[in-house]
Amino acid sequence: MSDHSLCSYNEKYQFLPLTCTGTCKVKYRPEDDWDFYLDMSHMQKPIDMSLILPHYRARHQPVNHLMSMFVASETSHMRLKICRPALSSRFYVELRAVSSDITVWLPSDFKGKIYYTGKAKFSAGFVNKIMGNVSFNDDLLCNPCTEDVAVVSTSGHVTFRMWDVRTCSPEVAHKEAMRRMFACVRKAPETAINWDFLLED
């Protein structure tokens, strides 16, 4: 798909961004299947975006509505930050790729289910703040009133990181690593070692 065809595609679906980098505000769109949609499967361009969820519930938005986001790529690296300034917006995010490496930052108040394929790694901040509130690859239905959902599908590597809702910024790796080092209370899935020392950038 050329840049011209992407623009034409975006004109048809007005809520689609014209770029795959930068910051985009997610808005409730009852007339569409997704509140945010970006498919770059036919364009070999990396995705590096911050998606900002609304801090309020829109007029006529159902109380149990999950803000829905879909982002797809094929082989280019995908980096996506889910930024939630307030807990008013529970969400469902689906990231799909063929062989892309995917790095996703989830808000530190994330609570719900994560489904993923590929080889996963978890940052110190994710383990510190999110791990205890997540069930992985659980087939049980979620409760949209109280749970977030993240689906990550790729044959490449998946890295889960933390977006800090207190500072409204991505985790500071060395600070979170120090917290892990001096207060190690959780262990990442598929990790056989309960670290005595961890330093991760």
# chains A, B, ... in the order shown; residues from 1 in each chain; ligands from 1
>>> residues_around(residues="Met40 (chain A)", least_positions_apart="2", cutoff="6 Å", atoms="only C-alpha atoms", output="list in words")
His42, Met43, Ala72 and Ser73 of chain A
>>> write_last_selection(atoms="all heavy atoms", output="PDB file, in the first residue's frame")
ATOM      1  N   HIS A  42       0.695  -3.696   5.173  1.00  0.00           N
ATOM      2  CA  HIS A  42       1.179  -3.646   3.791  1.00  0.00           C
ATOM      3  C   HIS A  42       2.192  -2.526   3.564  1.00  0.00           C
ATOM      4  O   HIS A  42       2.545  -2.237   2.426  1.00  0.00           O
ATOM      5  CB  HIS A  42      -0.010  -3.478   2.845  1.00  0.00           C
ATOM      6  CG  HIS A  42      -1.017  -4.578   2.964  1.00  0.00           C
ATOM      7  ND1 HIS A  42      -0.770  -5.853   2.532  1.00  0.00           N
ATOM      8  CD2 HIS A  42      -2.267  -4.593   3.504  1.00  0.00           C
ATOM      9  CE1 HIS A  42      -1.826  -6.607   2.767  1.00  0.00           C
ATOM     10  NE2 HIS A  42      -2.744  -5.874   3.357  1.00  0.00           N
ATOM     11  N   MET A  43       2.636  -1.910   4.646  1.00  0.00           N
ATOM     12  CA  MET A  43       3.660  -0.870   4.544  1.00  0.00           C
ATOM     13  C   MET A  43       4.781  -1.199   5.522  1.00  0.00           C
ATOM     14  O   MET A  43       4.536  -1.333   6.717  1.00  0.00           O
ATOM     15  CB  MET A  43       3.075   0.510   4.877  1.00  0.00           C
ATOM     16  CG  MET A  43       1.976   0.946   3.917  1.00  0.00           C
ATOM     17  SD  MET A  43       1.420   2.619   4.288  1.00  0.00           S
ATOM     18  CE  MET A  43       2.888   3.559   3.885  1.00  0.00           C
ATOM     19  N   ALA A  72      -1.818  -3.164  13.748  1.00  0.00           N
ATOM     20  CA  ALA A  72      -1.248  -4.319  13.053  1.00  0.00           C
ATOM     21  C   ALA A  72      -0.029  -3.900  12.247  1.00  0.00           C
ATOM     22  O   ALA A  72       0.042  -2.799  11.712  1.00  0.00           O
ATOM     23  CB  ALA A  72      -2.286  -4.960  12.140  1.00  0.00           C
ATOM     24  N   SER A  73       0.924  -4.806  12.175  1.00  0.00           N
ATOM     25  CA  SER A  73       2.122  -4.631  11.358  1.00  0.00           C
ATOM     26  C   SER A  73       2.455  -5.990  10.763  1.00  0.00           C
ATOM     27  O   SER A  73       1.709  -6.958  10.944  1.00  0.00           O
ATOM     28  CB  SER A  73       3.271  -4.079  12.197  1.00  0.00           C
ATOM     29  OG  SER A  73       4.427  -3.875  11.403  1.00  0.00           O
TER      30      SER A  73
END
>>> select_by_dssp(residues="region 75-125 of chain A", states="strand (DSSP E)", output="list in words")
Met78, Arg79, Leu80, Lys81, Ile82, Cys83, Phe91, Tyr92, Val93, Glu94, Leu95, Arg96, Ile102, Thr103, Val104, Trp105, Leu106, Pro107, Gly112, Lys113, Ile114, Tyr115, Tyr116, Lys119, Ala120, Lys121 and Phe122 of chain A
>>> atom_distance(atom1="CA of Lys113 (chain A)", atom2="CA of Asp148 (chain A)")
6.4 Å
>>> atom_distance(atom1="CA of Leu66 (chain A)", atom2="CA of Leu53 (chain A)")
10.8 Å
>>> closest_residue(among="A:Met181, A:Ile82, A:Ile114, A:Val152", to="Val98 (chain A)", atoms="only C-alpha atoms")
A:Val152
>>> residues_around(residues="Lys119 (chain A)", least_positions_apart="3", cutoff="12 Å", atoms="only C-alpha atoms", output="PyMOL selection string")
chain A and resi 99-103+116+122+152-160+189-191
>>> write_last_selection(atoms="all heavy atoms", output="short mmCIF file (atom, residue, chain, number, x, y, z; two decimals), in the first residue's frame")
data_model
loop_
_atom_site.label_atom_id
_atom_site.label_comp_id
_atom_site.auth_asym_id
_atom_site.auth_seq_id
_atom_site.Cartn_x
_atom_site.Cartn_y
_atom_site.Cartn_z
N SER A 99 5.84 -11.31 12.09
CA SER A 99 7.11 -11.65 12.75
C SER A 99 7.74 -10.43 13.43
O SER A 99 8.90 -10.48 13.82
CB SER A 99 8.09 -12.24 11.74
OG SER A 99 8.31 -11.33 10.66
N SER A 100 6.99 -9.35 13.56
CA SER A 100 7.54 -8.14 14.17
C SER A 100 7.86 -8.37 15.64
O SER A 100 7.16 -9.12 16.34
CB SER A 100 6.52 -7.00 14.07
OG SER A 100 6.15 -6.75 12.73
N ASP A 101 8.92 -7.71 16.11
CA ASP A 101 9.13 -7.59 17.55
C ASP A 101 8.20 -6.49 18.06
O ASP A 101 8.08 -5.43 17.44
CB ASP A 101 10.58 -7.23 17.86
CG ASP A 101 11.53 -8.39 17.54
OD1 ASP A 101 11.07 -9.55 17.47
OD2 ASP A 101 12.74 -8.13 17.35
N ILE A 102 7.55 -6.74 19.18
CA ILE A 102 6.58 -5.80 19.72
C ILE A 102 6.97 -5.42 21.14
O ILE A 102 7.24 -6.28 21.98
CB ILE A 102 5.16 -6.41 19.73
CG1 ILE A 102 4.70 -6.71 18.30
CG2 ILE A 102 4.17 -5.47 20.42
CD1 ILE A 102 3.33 -7.38 18.22
N THR A 103 7.02 -4.12 21.39
CA THR A 103 7.22 -3.60 22.75
C THR A 103 5.99 -2.80 23.11
O THR A 103 5.61 -1.88 22.38
CB THR A 103 8.47 -2.71 22.84
OG1 THR A 103 9.62 -3.46 22.41
CG2 THR A 103 8.69 -2.24 24.28
N TYR A 116 -0.87 -13.57 24.90
CA TYR A 116 0.25 -13.30 23.99
C TYR A 116 0.79 -14.58 23.38
O TYR A 116 0.65 -15.67 23.94
CB TYR A 116 1.37 -12.54 24.72
CG TYR A 116 2.12 -13.36 25.75
CD1 TYR A 116 3.24 -14.11 25.40
CD2 TYR A 116 1.72 -13.37 27.09
CE1 TYR A 116 3.93 -14.86 26.34
CE2 TYR A 116 2.41 -14.10 28.04
CZ TYR A 116 3.51 -14.85 27.66
OH TYR A 116 4.18 -15.60 28.59
N PHE A 122 9.68 -9.31 30.41
CA PHE A 122 8.96 -8.38 31.27
C PHE A 122 9.97 -7.46 31.96
O PHE A 122 10.92 -7.91 32.57
CB PHE A 122 8.15 -9.15 32.33
CG PHE A 122 7.20 -10.16 31.73
CD1 PHE A 122 7.64 -11.44 31.44
CD2 PHE A 122 5.91 -9.80 31.45
CE1 PHE A 122 6.78 -12.38 30.89
CE2 PHE A 122 5.03 -10.73 30.90
CZ PHE A 122 5.47 -12.01 30.61
N VAL A 152 -1.60 -9.73 22.31
CA VAL A 152 -0.40 -9.49 21.52
C VAL A 152 -0.06 -10.77 20.76
O VAL A 152 0.24 -11.79 21.37
CB VAL A 152 0.80 -9.06 22.39
CG1 VAL A 152 1.99 -8.72 21.51
CG2 VAL A 152 0.43 -7.90 23.29
N SER A 153 -0.12 -10.70 19.43
CA SER A 153 0.10 -11.89 18.61
C SER A 153 1.21 -11.63 17.60
O SER A 153 1.09 -10.76 16.74
CB SER A 153 -1.19 -12.26 17.89
OG SER A 153 -0.99 -13.38 17.04
N THR A 154 2.30 -12.38 17.71
CA THR A 154 3.42 -12.30 16.78
C THR A 154 4.29 -13.53 16.97
O THR A 154 4.27 -14.15 18.05
CB THR A 154 4.25 -11.03 17.00
OG1 THR A 154 5.31 -10.98 16.03
CG2 THR A 154 4.85 -10.99 18.39
N SER A 155 5.06 -13.87 15.95
CA SER A 155 6.05 -14.94 16.11
C SER A 155 7.39 -14.38 16.56
O SER A 155 8.35 -15.12 16.79
CB SER A 155 6.23 -15.71 14.79
OG SER A 155 6.70 -14.84 13.77
N GLY A 156 7.47 -13.05 16.68
CA GLY A 156 8.70 -12.40 17.13
C GLY A 156 8.76 -12.29 18.65
O GLY A 156 8.04 -12.97 19.37
N HIS A 157 9.60 -11.39 19.13
CA HIS A 157 9.75 -11.16 20.56
C HIS A 157 8.74 -10.12 21.05
O HIS A 157 8.43 -9.16 20.34
CB HIS A 157 11.17 -10.70 20.90
CG HIS A 157 12.21 -11.75 20.68
ND1 HIS A 157 12.82 -11.95 19.45
CD2 HIS A 157 12.75 -12.67 21.53
CE1 HIS A 157 13.69 -12.95 19.55
NE2 HIS A 157 13.67 -13.40 20.80
N VAL A 158 8.24 -10.33 22.26
CA VAL A 158 7.30 -9.41 22.89
C VAL A 158 7.91 -8.92 24.19
O VAL A 158 8.36 -9.72 25.01
CB VAL A 158 5.95 -10.09 23.17
CG1 VAL A 158 4.99 -9.11 23.83
CG2 VAL A 158 5.34 -10.64 21.89
N THR A 159 7.95 -7.61 24.36
CA THR A 159 8.45 -7.02 25.60
C THR A 159 7.34 -6.20 26.25
O THR A 159 6.77 -5.32 25.62
CB THR A 159 9.67 -6.11 25.35
OG1 THR A 159 10.69 -6.88 24.70
CG2 THR A 159 10.21 -5.56 26.67
N PHE A 160 7.04 -6.52 27.50
CA PHE A 160 6.04 -5.78 28.26
C PHE A 160 6.75 -4.81 29.20
O PHE A 160 7.60 -5.22 29.99
CB PHE A 160 5.16 -6.74 29.07
CG PHE A 160 4.25 -7.61 28.23
CD1 PHE A 160 4.62 -8.91 27.91
CD2 PHE A 160 3.05 -7.12 27.76
CE1 PHE A 160 3.79 -9.71 27.14
CE2 PHE A 160 2.21 -7.91 26.99
CZ PHE A 160 2.58 -9.21 26.68
N PRO A 189 6.84 -14.53 34.70
CA PRO A 189 6.55 -15.84 34.14
C PRO A 189 7.69 -16.36 33.29
O PRO A 189 8.42 -15.60 32.65
CB PRO A 189 5.31 -15.57 33.27
CG PRO A 189 4.70 -14.35 33.84
CD PRO A 189 5.84 -13.52 34.34
N GLU A 190 7.84 -17.66 33.27
CA GLU A 190 8.86 -18.35 32.48
C GLU A 190 10.28 -17.98 32.90
O GLU A 190 11.23 -18.20 32.18
CB GLU A 190 8.69 -18.06 30.97
CG GLU A 190 7.34 -18.44 30.43
CD GLU A 190 7.22 -18.17 28.95
OE1 GLU A 190 8.17 -17.62 28.36
OE2 GLU A 190 6.18 -18.52 28.38
N THR A 191 10.42 -17.44 34.12
CA THR A 191 11.73 -17.10 34.64
C THR A 191 12.04 -18.00 35.81
O THR A 191 11.33 -17.99 36.80
CB THR A 191 11.80 -15.63 35.09
OG1 THR A 191 11.46 -14.81 33.97
CG2 THR A 191 13.17 -15.26 35.59
#
>>> closest_residue(among="A:Phe182, A:Trp163, A:Tyr56, A:Phe70", to="Ala97 (chain A)", atoms="only C-alpha atoms")
A:Phe70
>>> closest_residue(among="A:Thr21, A:Pro85, A:Ala124, A:Leu51", to="Met178 (chain A)", atoms="only C-alpha atoms")
A:Ala124
>>> atom_distance(atom1="CA of Lys45 (chain A)", atom2="CA of Ser76 (chain A)")
5.9 Å
>>> closest_residue(among="A:Asp33, A:Glu94, A:Glu176, A:Asp39", to="Val151 (chain A)", atoms="only C-alpha atoms")
A:Glu94
>>> closest_residue(among="A:Ser41, A:Ser68, A:Ser108, A:Gln61", to="Val149 (chain A)", atoms="only C-alpha atoms")
A:Ser68
>>> residues_around(residues="Arg29 (chain A)", least_positions_apart="5", cutoff="10 Å", atoms="only C-alpha atoms", output="MDAnalysis selection string")
chainID A and resid 15 34:36 58 61 67:68
>>> closest_residue(among="A:Cys24, A:Leu106, A:Ile47, A:Ala150", to="Val93 (chain A)", atoms="only C-alpha atoms")
A:Ala150
>>> residues_around(residues="region 171-173 of chain A", least_positions_apart="4", cutoff="8 Å", atoms="only C-alpha atoms", output="VMD selection string")
chain A and resid 123 to 125 161 to 164 177 200 to 201
>>> write_last_selection(atoms="all heavy atoms", output="PDB file, in the first residue's frame")
ATOM      1  N   SER A 123       9.741  -6.170  31.835  1.00  0.00           N
ATOM      2  CA  SER A 123      10.654  -5.207  32.452  1.00  0.00           C
ATOM      3  C   SER A 123      10.480  -5.210  33.969  1.00  0.00           C
ATOM      4  O   SER A 123       9.485  -5.716  34.504  1.00  0.00           O
ATOM      5  CB  SER A 123      10.381  -3.800  31.909  1.00  0.00           C
ATOM      6  OG  SER A 123       9.148  -3.305  32.426  1.00  0.00           O
ATOM      7  N   ALA A 124      11.447  -4.614  34.645  1.00  0.00           N
ATOM      8  CA  ALA A 124      11.376  -4.532  36.105  1.00  0.00           C
ATOM      9  C   ALA A 124      10.145  -3.748  36.546  1.00  0.00           C
ATOM     10  O   ALA A 124       9.462  -4.112  37.513  1.00  0.00           O
ATOM     11  CB  ALA A 124      12.645  -3.885  36.654  1.00  0.00           C
ATOM     12  N   GLY A 125       9.837  -2.664  35.843  1.00  0.00           N
ATOM     13  CA  GLY A 125       8.671  -1.868  36.199  1.00  0.00           C
ATOM     14  C   GLY A 125       7.381  -2.648  36.040  1.00  0.00           C
ATOM     15  O   GLY A 125       6.465  -2.536  36.863  1.00  0.00           O
ATOM     16  N   ARG A 161       6.358  -3.550  29.120  1.00  0.00           N
ATOM     17  CA  ARG A 161       6.909  -2.523  29.992  1.00  0.00           C
ATOM     18  C   ARG A 161       5.781  -1.760  30.677  1.00  0.00           C
ATOM     19  O   ARG A 161       4.595  -1.972  30.367  1.00  0.00           O
ATOM     20  CB  ARG A 161       7.812  -1.566  29.211  1.00  0.00           C
ATOM     21  CG  ARG A 161       9.047  -2.234  28.611  1.00  0.00           C
ATOM     22  CD  ARG A 161      10.010  -1.227  28.000  1.00  0.00           C
ATOM     23  NE  ARG A 161      11.187  -1.868  27.449  1.00  0.00           N
ATOM     24  CZ  ARG A 161      12.258  -2.190  28.157  1.00  0.00           C
ATOM     25  NH1 ARG A 161      12.310  -1.900  29.455  1.00  0.00           N
ATOM     26  NH2 ARG A 161      13.300  -2.761  27.571  1.00  0.00           N
ATOM     27  N   MET A 162       6.129  -0.872  31.579  1.00  0.00           N
ATOM     28  CA  MET A 162       5.140  -0.171  32.385  1.00  0.00           C
ATOM     29  C   MET A 162       5.118   1.320  32.081  1.00  0.00           C
ATOM     30  O   MET A 162       6.169   1.957  32.000  1.00  0.00           O
ATOM     31  CB  MET A 162       5.445  -0.397  33.884  1.00  0.00           C
ATOM     32  CG  MET A 162       4.459   0.235  34.852  1.00  0.00           C
ATOM     33  SD  MET A 162       4.978   1.904  35.412  1.00  0.00           S
ATOM     34  CE  MET A 162       6.400   1.534  36.421  1.00  0.00           C
ATOM     35  N   TRP A 163       3.915   1.870  31.895  1.00  0.00           N
ATOM     36  CA  TRP A 163       3.712   3.311  31.777  1.00  0.00           C
ATOM     37  C   TRP A 163       3.173   3.785  33.116  1.00  0.00           C
ATOM     38  O   TRP A 163       2.113   3.342  33.567  1.00  0.00           O
ATOM     39  CB  TRP A 163       2.742   3.632  30.649  1.00  0.00           C
ATOM     40  CG  TRP A 163       2.625   5.085  30.330  1.00  0.00           C
ATOM     41  CD1 TRP A 163       3.443   5.815  29.517  1.00  0.00           C
ATOM     42  CD2 TRP A 163       1.647   6.009  30.823  1.00  0.00           C
ATOM     43  NE1 TRP A 163       3.032   7.122  29.465  1.00  0.00           N
ATOM     44  CE2 TRP A 163       1.934   7.273  30.254  1.00  0.00           C
ATOM     45  CE3 TRP A 163       0.563   5.889  31.692  1.00  0.00           C
ATOM     46  CZ2 TRP A 163       1.167   8.406  30.532  1.00  0.00           C
ATOM     47  CZ3 TRP A 163      -0.202   7.012  31.973  1.00  0.00           C
ATOM     48  CH2 TRP A 163       0.099   8.251  31.396  1.00  0.00           C
ATOM     49  N   ASP A 164       3.895   4.675  33.789  1.00  0.00           N
ATOM     50  CA  ASP A 164       3.589   5.084  35.156  1.00  0.00           C
ATOM     51  C   ASP A 164       2.462   6.112  35.169  1.00  0.00           C
ATOM     52  O   ASP A 164       2.619   7.221  34.652  1.00  0.00           O
ATOM     53  CB  ASP A 164       4.848   5.656  35.815  1.00  0.00           C
ATOM     54  CG  ASP A 164       4.733   5.723  37.329  1.00  0.00           C
ATOM     55  OD1 ASP A 164       3.599   5.859  37.837  1.00  0.00           O
ATOM     56  OD2 ASP A 164       5.775   5.637  38.008  1.00  0.00           O
ATOM     57  N   ALA A 177      14.547  -1.097  38.471  1.00  0.00           N
ATOM     58  CA  ALA A 177      15.480  -2.188  38.731  1.00  0.00           C
ATOM     59  C   ALA A 177      15.968  -2.149  40.178  1.00  0.00           C
ATOM     60  O   ALA A 177      16.125  -3.190  40.828  1.00  0.00           O
ATOM     61  CB  ALA A 177      16.661  -2.114  37.774  1.00  0.00           C
ATOM     62  N   GLU A 200      18.260  -3.857  34.475  1.00  0.00           N
ATOM     63  CA  GLU A 200      17.719  -3.954  33.123  1.00  0.00           C
ATOM     64  C   GLU A 200      17.482  -2.563  32.571  1.00  0.00           C
ATOM     65  O   GLU A 200      16.916  -1.711  33.247  1.00  0.00           O
ATOM     66  CB  GLU A 200      16.396  -4.730  33.144  1.00  0.00           C
ATOM     67  CG  GLU A 200      15.750  -4.849  31.786  1.00  0.00           C
ATOM     68  CD  GLU A 200      14.495  -5.711  31.836  1.00  0.00           C
ATOM     69  OE1 GLU A 200      14.339  -6.454  32.825  1.00  0.00           O
ATOM     70  OE2 GLU A 200      13.682  -5.616  30.922  1.00  0.00           O
ATOM     71  N   ASP A 201      17.932  -2.317  31.337  1.00  0.00           N
ATOM     72  CA  ASP A 201      17.675  -1.005  30.737  1.00  0.00           C
ATOM     73  C   ASP A 201      16.459  -1.071  29.830  1.00  0.00           C
ATOM     74  O   ASP A 201      15.894  -2.112  29.600  1.00  0.00           O
ATOM     75  CB  ASP A 201      18.905  -0.499  29.994  1.00  0.00           C
ATOM     76  CG  ASP A 201      19.289  -1.413  28.820  1.00  0.00           C
ATOM     77  OD1 ASP A 201      18.416  -2.129  28.321  1.00  0.00           O
ATOM     78  OD2 ASP A 201      20.468  -1.368  28.419  1.00  0.00           O
TER      79      ASP A 201
END
